[in-house]
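Everything below concerns the one structure shown next.
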Amino acid sequence: MTDRRKVELTSRQQDLLLQGLRYIRSSVKLRREDPTPEVSQKRVEQLEELLQLSSLIEGSSHAEMMLQS
């Protein structure tokens with residue numbers, strides 16, 4: 001089930017959230033795992049999700065964004 005929420009953020013909160021997402025993205029990229037096709041696919045999916053969320057936050061106007069949970 002998809003749940004949508006509208007969240008208002010200050011510029012500082014938006015920057016902190018983006019910084020955290022960059023940290024998580026780096027963690028996913030650098031995680032040491034066996035290079036199986038399943039692991040590679042999961043990593044690609046996680047990175048795509050992080051990119052989509054970052055794009056939503058960066059593209060938000062007046063520090064408002066829509067989050068999907």
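Identifiers for the structure tokens are assigned positionally: chains receive A, B, ... in sequence, residues are indexed from 1 per chain, and ligands are indexed from 1 in the order shown.
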
List every residue of chain A that DSSP, applied to the backbone, labels as alpha helix (DSSP H), and write the result as a PyMOL selection string.
chain A and resi 11-30+37-58

Expected answer as a count of residues only: strand (DSSP E or B) residues in chain A:
10

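Pairwise distance (CA of Asp3 (chain A), CA of Arg43 (chain A)) equals 23.9 Å.
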
Please produce, as JSON lines, a per-residue contact table for region 30-60 of chain A versus region 6-15 of chain A (criterion: any atom at most 12 Å away, only C-alpha atoms considered), showing the nearest atom pair and its distance in Å to one decimal, sorted by chain then residue number.
```
{"residue": "A:Leu53", "atom": "CA", "partner": "A:Gln14", "partner_atom": "CA", "distance": 11.8}
{"residue": "A:Ser54", "atom": "CA", "partner": "A:Gln14", "partner_atom": "CA", "distance": 9.9}
{"residue": "A:Ser55", "atom": "CA", "partner": "A:Gln14", "partner_atom": "CA", "distance": 11.7}
{"residue": "A:Leu56", "atom": "CA", "partner": "A:Gln14", "partner_atom": "CA", "distance": 10.8}
{"residue": "A:Ile57", "atom": "CA", "partner": "A:Gln14", "partner_atom": "CA", "distance": 7.0}
{"residue": "A:Glu58", "atom": "CA", "partner": "A:Gln14", "partner_atom": "CA", "distance": 8.0}
{"residue": "A:Gly59", "atom": "CA", "partner": "A:Gln14", "partner_atom": "CA", "distance": 10.8}
{"residue": "A:Ser60", "atom": "CA", "partner": "A:Gln14", "partner_atom": "CA", "distance": 9.4}
```

With a distance cut-off of 12 Å and only C-alpha atoms, select the neighbouring residues of region 22-34 of chain A, excluding the residue or stretch itself and same-chain residues fewer than 3 positions from it, and output the selection as an NGL selection string.
:A and (15-19 or 37-40 or 42-55)

Quick one: write out the picked residues with C-alpha atoms as a JSON list (two decimals), in the first residue's frame?
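The resulting file, result-v7.json, is reproduced below:
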```json
[["chain", "number", "residue", "atom", "x", "y", "z"],
["A", 15, "ASP", "CA", 20.06, 20.16, 3.04],
["A", 16, "LEU", "CA", 20.49, 17.81, 6.01],
["A", 17, "LEU", "CA", 18.15, 15.26, 4.45],
["A", 18, "LEU", "CA", 20.02, 15.38, 1.14],
["A", 19, "GLN", "CA", 23.33, 15.03, 2.97],
["A", 37, "PRO", "CA", 23.44, -11.13, -10.06],
["A", 38, "GLU", "CA", 20.86, -10.87, -7.25],
["A", 39, "VAL", "CA", 23.09, -8.67, -5.10],
["A", 40, "SER", "CA", 23.94, -6.47, -8.08],
["A", 42, "LYS", "CA", 19.32, -5.23, -5.41],
["A", 43, "ARG", "CA", 22.09, -2.60, -5.27],
["A", 44, "VAL", "CA", 20.88, -1.03, -8.53],
["A", 45, "GLU", "CA", 17.30, -0.92, -7.21],
["A", 46, "GLN", "CA", 18.39, 0.69, -3.93],
["A", 47, "LEU", "CA", 20.46, 3.31, -5.76],
["A", 48, "GLU", "CA", 17.54, 4.10, -8.07],
["A", 49, "GLU", "CA", 15.21, 4.57, -5.08],
["A", 50, "LEU", "CA", 17.71, 6.90, -3.42],
["A", 51, "LEU", "CA", 18.11, 8.88, -6.64],
["A", 52, "GLN", "CA", 14.34, 9.24, -7.01],
["A", 53, "LEU", "CA", 13.96, 10.44, -3.43],
["A", 54, "SER", "CA", 16.84, 12.89, -3.81],
["A", 55, "SER", "CA", 15.26, 14.23, -7.00]]
```
